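Here is the file upload.cif (mmCIF, C-alpha atoms).
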data_start
#
loop_
_atom_site.label_atom_id
_atom_site.label_comp_id
_atom_site.auth_asym_id
_atom_site.auth_seq_id
_atom_site.Cartn_x
_atom_site.Cartn_y
_atom_site.Cartn_z
CA MET A 1 -20.00 -14.12 -67.01
CA GLU A 2 -20.84 -16.21 -63.93
CA GLY A 3 -22.40 -13.22 -62.21
CA THR A 4 -24.52 -12.51 -65.28
CA TRP A 5 -26.38 -15.79 -65.29
CA VAL A 6 -26.78 -15.73 -61.52
CA LYS A 7 -28.19 -12.21 -61.74
CA SER A 8 -30.54 -13.34 -64.54
CA LEU A 9 -31.74 -16.25 -62.42
CA GLY A 10 -32.32 -13.91 -59.48
CA ASP A 11 -34.28 -11.46 -61.64
CA ASP A 12 -36.49 -14.28 -62.84
CA PHE A 13 -37.13 -15.34 -59.24
CA ILE A 14 -38.06 -11.78 -58.21
CA GLU A 15 -40.31 -11.38 -61.23
CA LEU A 16 -42.09 -14.65 -60.34
CA LEU A 17 -42.74 -13.43 -56.81
CA VAL A 18 -44.07 -10.11 -58.08
CA GLN A 19 -46.41 -11.93 -60.46
CA GLN A 20 -47.74 -13.85 -57.48
CA GLY A 21 -48.75 -10.54 -55.94
CA MET A 22 -45.78 -9.86 -53.63
CA ASN A 23 -44.51 -6.33 -53.17
CA THR A 24 -41.32 -5.69 -55.18
CA PHE A 25 -39.32 -4.64 -52.10
CA TRP A 26 -40.21 -7.76 -50.16
CA ALA A 27 -39.63 -9.88 -53.22
CA VAL A 28 -36.07 -8.55 -53.42
CA VAL A 29 -35.55 -9.08 -49.67
CA LEU A 30 -36.88 -12.62 -49.92
CA HIS A 31 -34.56 -13.23 -52.86
CA TRP A 32 -31.55 -12.00 -50.88
CA PHE A 33 -32.55 -14.15 -47.93
CA ALA A 34 -33.04 -17.22 -50.10
CA VAL A 35 -29.65 -16.72 -51.71
CA ALA A 36 -28.02 -16.32 -48.29
CA VAL A 37 -29.62 -19.57 -47.13
CA ILE A 38 -28.43 -21.36 -50.28
CA ILE A 39 -24.89 -20.03 -49.76
CA ALA A 40 -24.96 -21.12 -46.10
CA ILE A 41 -26.20 -24.60 -47.02
CA THR A 42 -23.57 -24.91 -49.74
CA ALA A 43 -20.80 -23.82 -47.35
CA PHE A 44 -22.04 -26.28 -44.74
CA ALA A 45 -22.13 -29.08 -47.33
CA VAL A 46 -18.60 -28.29 -48.46
CA ASP A 47 -17.38 -28.17 -44.85
CA PHE A 48 -19.09 -31.49 -44.09
CA THR A 49 -17.63 -33.11 -47.20
CA VAL A 50 -14.11 -31.94 -46.43
CA ARG A 51 -14.15 -32.81 -42.73
CA LYS A 52 -16.19 -36.01 -42.70
CA ILE A 53 -15.11 -37.58 -45.96
CA ILE A 54 -11.81 -36.17 -47.19
CA LEU A 55 -10.25 -35.82 -43.72
CA SER A 56 -11.41 -39.32 -42.78
CA ILE A 57 -9.70 -40.74 -45.85
CA VAL A 58 -6.50 -38.78 -45.11
CA ASP A 59 -6.60 -39.95 -41.49
CA ARG A 60 -6.95 -43.64 -42.47
CA LEU A 61 -4.12 -43.37 -45.01
CA ALA A 62 -1.86 -41.73 -42.42
CA ARG A 63 -2.59 -44.39 -39.80
CA LYS A 64 -1.83 -47.18 -42.26
CA SER A 65 1.43 -45.71 -43.51
CA VAL A 66 4.74 -47.18 -42.33
CA ASN A 67 6.33 -43.96 -41.03
CA THR A 68 4.94 -42.01 -38.10
CA TYR A 69 5.66 -38.53 -39.43
CA ASP A 70 2.23 -38.10 -41.02
CA ASP A 71 0.67 -39.30 -37.75
CA GLU A 72 2.03 -36.18 -36.07
CA LEU A 73 0.29 -34.02 -38.69
CA ILE A 74 -2.95 -35.79 -37.81
CA ASN A 75 -2.37 -35.59 -34.04
CA HIS A 76 -1.72 -31.85 -34.24
CA LYS A 77 -4.83 -31.38 -36.47
CA VAL A 78 -2.98 -29.59 -39.26
CA PHE A 79 -5.38 -30.84 -41.97
CA HIS A 80 -8.37 -30.23 -39.70
CA LYS A 81 -7.48 -26.54 -39.43
CA LEU A 82 -6.88 -26.27 -43.18
CA SER A 83 -10.32 -27.79 -43.85
CA HIS A 84 -11.95 -24.67 -42.38
CA LEU A 85 -10.62 -22.67 -45.34
CA ALA A 86 -13.00 -24.41 -47.77
CA PRO A 87 -16.32 -22.93 -46.52
CA ALA A 88 -14.79 -19.44 -46.25
CA ILE A 89 -13.59 -19.63 -49.87
CA VAL A 90 -17.01 -20.86 -50.99
CA ILE A 91 -18.88 -18.09 -49.14
CA SER A 92 -16.58 -15.40 -50.52
CA GLY A 93 -16.91 -16.67 -54.12
CA LEU A 94 -20.67 -17.25 -54.07
CA THR A 95 -21.39 -13.90 -52.41
CA ALA A 96 -19.58 -12.05 -55.20
CA SER A 97 -21.60 -13.95 -57.80
CA ALA A 98 -24.95 -13.75 -56.01
CA TYR A 99 -24.95 -10.05 -55.07
CA PRO A 100 -23.40 -8.16 -58.00
CA ASP A 101 -25.65 -5.17 -57.26
CA LEU A 102 -24.45 -4.91 -53.64
CA PRO A 103 -20.72 -4.13 -53.91
CA LYS A 104 -20.46 -2.94 -50.28
CA LEU A 105 -21.97 -6.18 -48.98
CA VAL A 106 -19.69 -8.19 -51.25
CA SER A 107 -16.68 -6.18 -50.01
CA VAL A 108 -17.58 -6.69 -46.32
CA VAL A 109 -18.16 -10.42 -46.74
CA HIS A 110 -14.97 -10.74 -48.76
CA ASP A 111 -12.97 -8.93 -46.05
CA ILE A 112 -14.45 -11.08 -43.27
CA CYS A 113 -13.72 -14.27 -45.20
CA SER A 114 -10.20 -13.08 -46.03
CA VAL A 115 -9.48 -12.29 -42.37
CA PHE A 116 -10.81 -15.72 -41.39
CA ILE A 117 -8.68 -17.41 -44.07
CA VAL A 118 -5.55 -15.59 -42.89
CA TYR A 119 -6.29 -16.46 -39.26
CA MET A 120 -6.93 -20.16 -39.94
CA SER A 121 -3.83 -20.31 -42.13
CA LEU A 122 -1.79 -18.95 -39.21
CA VAL A 123 -3.31 -21.51 -36.84
CA ALA A 124 -2.60 -24.32 -39.33
CA PHE A 125 0.97 -23.10 -39.82
CA SER A 126 1.51 -23.02 -36.04
CA ARG A 127 0.17 -26.56 -35.77
CA LEU A 128 2.49 -27.59 -38.63
CA LEU A 129 5.50 -26.20 -36.76
CA ASP A 130 4.42 -28.07 -33.62
CA ALA A 131 4.15 -31.27 -35.65
CA LEU A 132 7.62 -30.72 -37.14
CA HIS A 133 9.00 -30.21 -33.64
CA ALA A 134 7.33 -33.42 -32.44
CA ILE A 135 8.92 -35.24 -35.39
CA TYR A 136 12.33 -33.67 -34.70
CA VAL A 137 12.42 -34.77 -31.05
CA THR A 138 12.32 -38.39 -32.23
CA PHE A 139 15.83 -37.95 -33.68
CA PRO A 140 18.89 -38.46 -31.42
CA SER A 141 20.28 -35.04 -32.39
CA SER A 142 17.35 -33.35 -30.62
CA GLU A 143 18.92 -34.22 -27.27
CA THR A 144 21.88 -31.93 -27.94
CA ARG A 145 20.32 -29.50 -30.45
CA PRO A 146 16.86 -28.40 -29.25
CA ILE A 147 14.94 -26.29 -31.78
CA LYS A 148 11.96 -25.18 -29.71
CA GLY A 149 13.30 -21.62 -29.62
CA TYR A 150 13.44 -21.52 -33.42
CA ILE A 151 9.92 -22.95 -33.64
CA GLN A 152 8.71 -20.14 -31.40
CA LEU A 153 10.56 -17.59 -33.52
CA GLY A 154 8.89 -18.97 -36.65
CA LYS A 155 5.48 -18.60 -34.99
CA ILE A 156 6.24 -15.03 -33.92
CA ILE A 157 7.30 -14.03 -37.45
CA ALA A 158 4.28 -15.76 -39.01
CA TRP A 159 1.81 -14.16 -36.62
CA PHE A 160 3.48 -10.77 -37.00
CA ILE A 161 3.10 -10.93 -40.79
CA GLY A 162 -0.42 -12.36 -40.44
CA ILE A 163 -1.59 -9.56 -38.12
CA LEU A 164 -0.19 -6.98 -40.55
CA SER A 165 -2.11 -8.73 -43.35
CA ILE A 166 -5.32 -8.65 -41.31
CA PHE A 167 -4.94 -4.91 -40.66
CA SER A 168 -4.24 -4.41 -44.36
CA ILE A 169 -7.44 -6.28 -45.27
CA MET A 170 -9.65 -4.62 -42.66
CA PHE A 171 -8.57 -1.03 -43.38
CA HIS A 172 -7.77 -1.50 -47.08
CA TYR A 173 -4.27 -0.21 -46.47
CA ASP A 174 -1.34 -1.18 -48.66
CA MET A 175 0.89 -3.78 -46.98
CA GLY A 176 4.04 -2.06 -48.22
CA ARG A 177 3.07 1.20 -46.59
CA ILE A 178 2.38 -0.59 -43.31
CA ILE A 179 5.83 -2.18 -43.38
CA ALA A 180 7.39 1.17 -44.29
CA GLY A 181 5.63 2.76 -41.32
CA LEU A 182 6.94 0.03 -39.06
CA GLY A 183 10.44 0.78 -40.32
CA ALA A 184 10.10 4.24 -38.86
CA MET A 185 9.14 2.62 -35.54
CA ALA A 186 12.17 0.32 -35.55
CA ALA A 187 13.50 1.74 -32.29
CA VAL A 188 10.17 1.12 -30.54
CA LEU A 189 9.95 -2.41 -32.00
CA ILE A 190 13.46 -3.22 -30.81
CA LEU A 191 12.51 -2.05 -27.33
CA VAL A 192 9.27 -4.07 -27.35
CA PHE A 193 10.91 -7.23 -28.69
CA LYS A 194 14.18 -6.80 -26.78
CA ASP A 195 13.84 -10.04 -24.83
CA THR A 196 12.87 -11.95 -27.97
CA ILE A 197 15.87 -10.64 -29.92
CA LEU A 198 18.24 -11.34 -27.03
CA GLY A 199 16.69 -14.78 -26.60
CA LEU A 200 17.14 -15.56 -30.30
CA VAL A 201 20.82 -14.62 -30.24
CA ALA A 202 21.32 -16.56 -27.00
CA SER A 203 19.56 -19.64 -28.41
CA ILE A 204 21.85 -19.62 -31.45
CA GLN A 205 24.93 -19.38 -29.21
CA ILE A 206 23.70 -22.06 -26.80
CA ASN A 207 22.90 -24.51 -29.59
CA GLY A 208 25.94 -23.65 -31.68
CA ASN A 209 28.36 -24.13 -28.77
CA ASN A 210 26.44 -27.05 -27.23
CA MET A 211 26.36 -25.17 -23.93
CA LEU A 212 23.08 -26.57 -22.69
CA LYS A 213 20.47 -29.20 -23.47
CA PRO A 214 17.34 -30.54 -21.75
CA GLY A 215 18.27 -32.89 -18.95
CA ASP A 216 21.50 -31.09 -18.02
CA TRP A 217 22.09 -30.40 -14.34
CA ILE A 218 23.02 -26.74 -13.89
CA THR A 219 23.58 -24.41 -10.95
CA MET A 220 23.14 -20.66 -11.10
CA PRO A 221 23.16 -19.19 -7.57
CA LYS A 222 22.04 -15.73 -8.69
CA TYR A 223 18.66 -17.18 -9.72
CA ASN A 224 18.58 -19.91 -7.03
CA ALA A 225 18.71 -22.51 -9.80
CA ASP A 226 20.10 -25.92 -8.88
CA GLY A 227 18.58 -28.80 -10.80
CA HIS A 228 17.87 -30.29 -14.22
CA VAL A 229 16.85 -28.31 -17.31
CA THR A 230 13.38 -29.36 -18.40
CA GLU A 231 12.71 -26.94 -21.25
CA ILE A 232 14.61 -24.46 -23.41
CA THR A 233 12.50 -21.89 -25.26
CA LEU A 234 13.18 -18.68 -27.10
CA ASN A 235 12.80 -16.49 -24.02
CA THR A 236 13.12 -18.77 -21.02
CA VAL A 237 14.86 -21.85 -19.66
CA LYS A 238 13.01 -23.90 -17.04
CA VAL A 239 14.97 -25.68 -14.32
CA ARG A 240 13.39 -28.20 -11.96
CA ASN A 241 15.36 -27.79 -8.73
CA PHE A 242 16.13 -30.67 -6.42
CA ASP A 243 13.65 -29.29 -3.90
CA LYS A 244 11.00 -29.80 -6.66
CA THR A 245 10.52 -26.07 -7.25
CA ILE A 246 10.84 -24.69 -10.77
CA THR A 247 13.10 -21.76 -11.61
CA THR A 248 12.59 -19.84 -14.85
CA LEU A 249 15.70 -18.16 -16.25
CA PRO A 250 15.96 -15.68 -19.14
CA THR A 251 17.65 -17.49 -22.02
CA TYR A 252 20.07 -14.62 -22.63
CA ALA A 253 21.20 -14.76 -18.98
CA LEU A 254 22.86 -18.11 -19.70
CA VAL A 255 25.10 -16.37 -22.24
CA SER A 256 25.67 -13.02 -20.56
CA GLU A 257 26.31 -14.53 -17.11
CA SER A 258 28.13 -17.59 -15.81
CA PHE A 259 26.48 -20.85 -14.85
CA GLN A 260 27.79 -24.29 -13.94
CA ASN A 261 26.83 -27.27 -16.10
CA TRP A 262 27.32 -30.66 -14.42
CA ARG A 263 26.90 -32.61 -17.66
CA GLY A 264 30.55 -33.69 -17.55
CA VAL A 265 29.95 -35.38 -14.19
CA GLU A 266 27.23 -37.56 -15.71
CA GLU A 267 29.24 -38.24 -18.87
CA VAL A 268 32.30 -39.59 -17.00
CA GLY A 269 30.16 -41.28 -14.36
CA GLY A 270 31.86 -39.72 -11.37
CA ARG A 271 31.22 -36.80 -9.04
CA ARG A 272 34.14 -35.31 -7.20
CA ILE A 273 34.74 -35.26 -3.47
CA LYS A 274 37.00 -32.38 -2.50
CA ARG A 275 36.98 -31.87 1.22
CA SER A 276 39.63 -31.35 3.85
CA ILE A 277 39.94 -32.09 7.56
CA ASN A 278 42.05 -30.02 9.97
CA ILE A 279 44.57 -31.94 12.06
CA ASP A 280 46.04 -30.63 15.29
CA MET A 281 49.75 -30.28 14.41
CA ARG A 282 50.74 -31.01 18.02
CA SER A 283 49.58 -34.59 17.49
CA VAL A 284 51.96 -35.17 14.54
CA LYS A 285 54.95 -37.34 15.53
CA PHE A 286 57.31 -40.14 14.52
CA LEU A 287 56.05 -43.70 14.85
CA THR A 288 57.33 -45.67 17.83
CA PRO A 289 57.93 -49.42 17.60
CA ASP A 290 54.71 -50.03 19.54
CA MET A 291 52.70 -47.82 17.18
CA LEU A 292 54.31 -49.49 14.17
CA SER A 293 53.43 -52.91 15.53
CA HIS A 294 49.84 -51.75 16.13
CA LEU A 295 49.42 -50.29 12.64
CA LYS A 296 50.75 -53.46 10.99
CA LYS A 297 47.55 -55.13 12.14
CA PHE A 298 45.66 -53.04 9.53
CA TYR A 299 45.40 -55.30 6.49
CA LEU A 300 45.62 -52.26 4.18
CA LEU A 301 48.92 -51.19 5.75
CA HIS A 302 50.67 -54.44 6.62
CA ASP A 303 52.53 -54.96 3.33
CA TYR A 304 53.27 -51.27 2.92
CA LEU A 305 54.70 -50.87 6.43
CA THR A 306 56.75 -54.05 6.18
CA GLU A 307 58.29 -52.95 2.88
CA LYS A 308 58.80 -49.40 4.13
CA GLU A 309 60.41 -50.62 7.37
CA HIS A 310 63.02 -52.66 5.47
CA GLU A 311 63.67 -49.80 3.04
CA ILE A 312 64.27 -47.28 5.82
CA ALA A 313 66.40 -49.69 7.86
CA ALA A 314 68.61 -50.41 4.82
CA HIS A 315 68.94 -46.72 4.07
CA ASN A 316 69.91 -45.79 7.63
CA ALA A 317 72.33 -48.74 7.83
CA SER A 318 74.08 -47.60 4.65
CA LEU A 319 74.85 -44.30 6.41
CA ASN A 320 75.97 -45.96 9.70
CA LEU A 321 73.38 -43.94 11.62
CA ASP A 322 72.43 -44.56 15.22
CA ASP A 323 68.77 -45.63 15.20
CA ASN A 324 68.42 -44.74 18.85
CA ILE A 325 68.66 -41.04 18.00
CA VAL A 326 65.29 -40.04 16.55
CA PHE A 327 66.50 -37.19 14.38
CA ASN A 328 69.08 -39.34 12.60
CA GLY A 329 68.07 -40.89 9.26
CA ARG A 330 64.60 -41.49 7.91
CA ARG A 331 61.57 -42.16 10.07
CA LEU A 332 57.90 -42.92 9.49
CA THR A 333 55.41 -40.38 10.83
CA ASN A 334 51.87 -41.02 11.94
CA ILE A 335 50.47 -38.44 9.54
CA GLY A 336 52.40 -39.88 6.58
CA VAL A 337 51.15 -43.40 7.33
CA PHE A 338 47.66 -42.07 7.86
CA ARG A 339 47.76 -40.33 4.49
CA LYS A 340 48.87 -43.59 2.85
CA TYR A 341 46.14 -45.50 4.67
CA LEU A 342 43.52 -43.13 3.27
CA GLU A 343 44.85 -43.69 -0.26
CA PHE A 344 44.61 -47.48 0.16
CA TYR A 345 41.17 -47.13 1.74
CA LEU A 346 39.82 -45.04 -1.15
CA GLN A 347 41.41 -47.29 -3.77
CA ASN A 348 39.60 -50.28 -2.25
CA HIS A 349 36.28 -48.50 -1.75
CA PRO A 350 33.65 -49.96 -4.14
CA LYS A 351 31.97 -46.58 -4.65
CA VAL A 352 35.13 -44.68 -5.61
CA HIS A 353 35.94 -44.35 -9.33
CA LYS A 354 39.27 -46.08 -10.02
CA ASP A 355 40.00 -44.37 -13.37
CA LEU A 356 39.68 -40.77 -12.19
CA THR A 357 41.81 -38.60 -9.92
CA LEU A 358 42.41 -39.95 -6.42
CA LEU A 359 44.57 -37.86 -4.15
CA VAL A 360 45.22 -37.33 -0.45
CA ARG A 361 47.42 -34.30 0.18
CA GLN A 362 48.45 -31.72 2.77
CA LEU A 363 47.52 -28.07 2.29
CA GLN A 364 49.17 -24.98 3.69
CA PRO A 365 49.02 -25.06 7.54
CA THR A 366 46.90 -22.32 9.08
CA GLU A 367 45.93 -21.15 12.54
CA ASN A 368 43.22 -23.81 12.35
CA GLY A 369 45.69 -26.69 12.03
CA LEU A 370 47.08 -28.77 9.17
CA PRO A 371 44.48 -29.36 6.42
CA LEU A 372 44.50 -32.85 4.92
CA GLU A 373 42.53 -32.76 1.66
CA ILE A 374 40.84 -35.74 0.03
CA ILE A 375 40.11 -35.63 -3.71
CA ALA A 376 38.25 -38.60 -5.22
CA PHE A 377 35.32 -39.33 -7.52
CA VAL A 378 32.21 -41.25 -6.48
CA ASN A 379 30.90 -43.58 -9.19
CA ASP A 380 27.35 -43.73 -7.82
CA LEU A 381 25.91 -40.29 -8.61
CA SER A 382 22.57 -40.93 -6.94
CA ALA A 383 24.26 -41.88 -3.65
CA PHE A 384 27.01 -39.24 -3.72
CA GLU A 385 26.13 -37.54 -0.44
CA ALA A 386 25.73 -40.84 1.39
CA VAL A 387 29.05 -42.19 0.08
CA GLN A 388 30.87 -38.97 0.93
CA SER A 389 29.44 -39.01 4.45
CA ASP A 390 30.37 -42.68 4.94
CA ILE A 391 33.97 -41.99 3.88
CA PHE A 392 34.39 -39.12 6.29
CA ASP A 393 32.64 -41.03 9.05
CA HIS A 394 35.36 -43.63 8.69
CA ILE A 395 38.15 -41.04 8.57
CA ILE A 396 36.94 -39.31 11.72
CA ALA A 397 36.55 -42.60 13.60
CA ILE A 398 39.92 -44.12 12.54
CA MET A 399 42.13 -41.07 13.06
CA SER A 400 42.73 -41.72 16.77
CA GLU A 401 44.29 -45.11 15.90
CA PHE A 402 47.17 -43.16 14.34
CA GLY A 403 47.64 -40.93 17.37
CA LEU A 404 46.21 -37.92 15.51
CA ARG A 405 43.64 -35.42 16.72
CA PHE A 406 41.26 -33.09 14.97
CA PHE A 407 41.69 -29.38 15.40
CA GLN A 408 38.53 -27.64 16.56
CA ARG A 409 37.92 -24.50 18.52
CA PRO A 410 37.29 -24.99 22.25
CA SER A 411 33.66 -25.15 23.27
CA GLY A 412 32.05 -24.51 26.62
CA ASP A 413 32.54 -28.13 27.68
CA ASP A 414 36.28 -27.97 26.83
CA ILE A 415 36.77 -24.93 29.03
CA LYS A 416 34.72 -26.52 31.78
#

Full structure transcribed into C-alpha cells:
Amino acid sequence: MEGTWVKSLGDDFIELLVQQGMNTFWAVVLHWFAVAVIIAITAFAVDFTVRKIILSIVDRLARKSVNTYDDELINHKVFHKLSHLAPAIVISGLTASAYPDLPKLVSVVHDICSVFIVYMSLVAFSRLLDALHAIYVTFPSSETRPIKGYIQLGKIIAWFIGILSIFSIMFHYDMGRIIAGLGAMAAVLILVFKDTILGLVASIQINGNNMLKPGDWITMPKYNADGHVTEITLNTVKVRNFDKTITTLPTYALVSESFQNWRGVEEVGGRRIKRSINIDMRSVKFLTPDMLSHLKKFYLLHDYLTEKEHEIAAHNASLNLDDNIVFNGRRLTNIGVFRKYLEFYLQNHPKVHKDLTLLVRQLQPTENGLPLEIIAFVNDLSAFEAVQSDIFDHIIAIMSEFGLRFFQRPSGDDIK
C-alpha cells in the first residue's frame, strides 16, 4: 500500500516533467536521482537526530546516575555504534518503497544495508562485552576469577556467526545449509581453531582451580618466564619478567606443563632462605675452657652456655666421670655451639619471619665437607636478596670465632 502511493507520486512527478518538455527517459532518471537525494537527506537527518539529540540525552542521564555501570556503556560507545543502525534501516525501507519497479536495485541496496546492520551489530556487541568486562573488574572477585578469556570467546562466536550471516546475505544462501557444510569441515575447523579450543579448556581449568590470576609471580624456565602475570587471555598469558622483558605463554601450556606460582610467598608474607655452607670437618672439635670462656662473651650465647655448662657438669658428676679425659661424658663442640648461635641470631634478626619455619641443621657429609643448612623466611619480600646476603655475610665472617673453617677447593694461591 505504501509503495502504491509513492509510485503514484513518482508518476505524477515524471508526468509533470514531460509536460514541461523533458524527454521521458531523462525525466525518469531525474526522478530516480531526486528520490535518491531525498532518501540520503532523510537518512542523514535520522542519523543526526539519533546521534546529536537522543545520544546526548542518554549520555547526560548516564553521567547523572548514581552507579557507574552505565558510564562504561558510554565510554565504550555501545549506544554510539547502535545509532548507526538507524540510517541503514531507513535507507533499506525507503528504497523498497521508492523503487518498486527496480527489484534488482532494491535487492542490492537491501543486501548492502543488511550487511552493514550485521557488521555494526557485531561491533556494538563487542563493545558491550568490553563494557561488561570493565564493569566486572571493579568487583573483588575479578582478582581471582578473570573472565577476559570468556569475553574473547564470546567475541569469536559472535563474529563467526556474523560472518556466516554476511555470506548468507551476500550470496543468498540458506544459513542452515552453510552450517551443515561447516559440519562436514569439522576436522578442518578443529585444526584451525586448535589453539582457541585448547585455550578455552585451559582457561576453565585455571579459573576453576584458582591456579593463576593477574599479579601472581610465576616461574616457568622452559619459556624463560620469571615475573608477574599482567594479562590472561583465551590464547595467551603475558608475564612481565623482572628484567622488564615480556614473555608470552600459551594458556594451555600452564595446564599441560608445570609452572611455579609464588602467590603463597606473598600471602604468608615470607620468602624462604634455603642455603647451606660446607664446613671443613677437620676443624670440628670439642670446646676447650679457653674457647668456652671466649664464646661466653657473645651476648646471644652467654645464658645458653652457662646453663649448658652446669647441665653437662651435673650429668658427668652423676656418673663419677673423670673430666680430664675428653672422651668421657658429655662435651660441647664448636659446631654444635655454632649451630645454636645461628638459631639465636636468626631468631633475633628483624627481617626474619618469627612465625614460619626456622631451622639450622646438618646434612649428609660429602667429599666437599659437612653441609650446614639454614632454612628461614624473610619477611621483607622486596629486600629478600639483600637480607639473605647480609645473613651469610655475617655467617662467613663469624665462623672463625668458633674455630671452624670453610671447605673450598684449593686454588692457585693455596698451592703456591

When the PyMOL selection byres ((chain A and resi 286) around 6) is applied to the file above, which residues end up in the set, as a list in words?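 Answer for the PyMOL selection byres ((chain A and resi 286) around 6): Lys285, Leu287, Leu332 and Thr333 of chain A.
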
Test item: residues at most 12 Å from Ser258 of chain A, all atoms listed in the file, excluding those fewer than 4 positions along its chain, as a PDB file with C-alpha atoms, keeping the file's coordinate frame:
ATOM      1  CA  MET A 211      26.360 -25.170 -23.930  1.00  0.00           C
ATOM      2  CA  ILE A 218      23.020 -26.740 -13.890  1.00  0.00           C
ATOM      3  CA  THR A 219      23.580 -24.410 -10.950  1.00  0.00           C
ATOM      4  CA  MET A 220      23.140 -20.660 -11.100  1.00  0.00           C
ATOM      5  CA  PRO A 221      23.160 -19.190  -7.570  1.00  0.00           C
ATOM      6  CA  LYS A 222      22.040 -15.730  -8.690  1.00  0.00           C
ATOM      7  CA  TYR A 223      18.660 -17.180  -9.720  1.00  0.00           C
ATOM      8  CA  TYR A 252      20.070 -14.620 -22.630  1.00  0.00           C
ATOM      9  CA  ALA A 253      21.200 -14.760 -18.980  1.00  0.00           C
ATOM     10  CA  LEU A 254      22.860 -18.110 -19.700  1.00  0.00           C
TER      11      LEU A 254
END

Find the residues near Trp262 of chain A: any atom within 10 Å, counting all atoms listed in the file, skip ones fewer than 6 places away on the same chain, and give them as a short mmCIF file (atom, residue, chain, number, x, y, z; two decimals) with C-alpha atoms, in the frame of the given file.
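Written output follows (part-v8.cif):
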data_model
loop_
_atom_site.label_atom_id
_atom_site.label_comp_id
_atom_site.auth_asym_id
_atom_site.auth_seq_id
_atom_site.Cartn_x
_atom_site.Cartn_y
_atom_site.Cartn_z
CA ASP A 216 21.50 -31.09 -18.02
CA TRP A 217 22.09 -30.40 -14.34
CA ILE A 218 23.02 -26.74 -13.89
CA THR A 219 23.58 -24.41 -10.95
CA GLY A 227 18.58 -28.80 -10.80
CA HIS A 228 17.87 -30.29 -14.22
CA ARG A 271 31.22 -36.80 -9.04
#

Suppose you want the space between atom CA of Ser276 of chain A and atom CA of Arg339 of chain A; what is it in Å?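 Interatomic distance here is 12.1 Å.
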
Identify, on the basis of all atoms listed in the file, every residue whose closest approach to segment 299-304 of chain A does not exceed 8 Å; exclude the query and any residue fewer than 4 positions from it along the same chain; express the result as number ranges by chain. A: 295, 308, 341, 344-345

To one decimal place in Å, what is the distance between atom CA of Ala88 of chain A and atom CA of Phe48 of chain A?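 Computing it gives 13.0 Å between the two atoms.
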
May I ask for the distance between atom CA of Gly215 of chain A and atom CA of Glu231 of chain A, given in Å to one decimal place?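 Answer for the atom CA of Gly215 of chain A to atom CA of Glu231 of chain A separation: 8.5 Å.
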
For Val387 of chain A, please output as a ChimeraX atom specification all residues within 12 Å (counting all atoms listed in the file; exclusion window: fewer than 3 positions along the same chain). /A:271-273,346,349-353,376-384,390-394

I'd like to know which of A:Ile335, A:Ile197, A:Ala43, A:Leu370 is closest to Asp280 of chain A, using only C-alpha atoms.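 Among the listed residues, A:Leu370 lies closest to Asp280 of chain A.
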
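The closest residue to Arg263 of chain A, picked from A:Asn278, A:Asn210, A:Thr288, A:Asn75 and counting all atoms listed in the file, is A:Asn210.
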
Is it possible to get the axis-aligned box enclosing segment 276-283 of chain A (all listed atoms, 4 Å extra per side) as AutoDock Vina command-line options, with centre and edge lengths in Å rounded to one decimal?
--center_x 45.2 --center_y -32.3 --center_z 10.9 --size_x 19.1 --size_y 12.6 --size_z 22.2
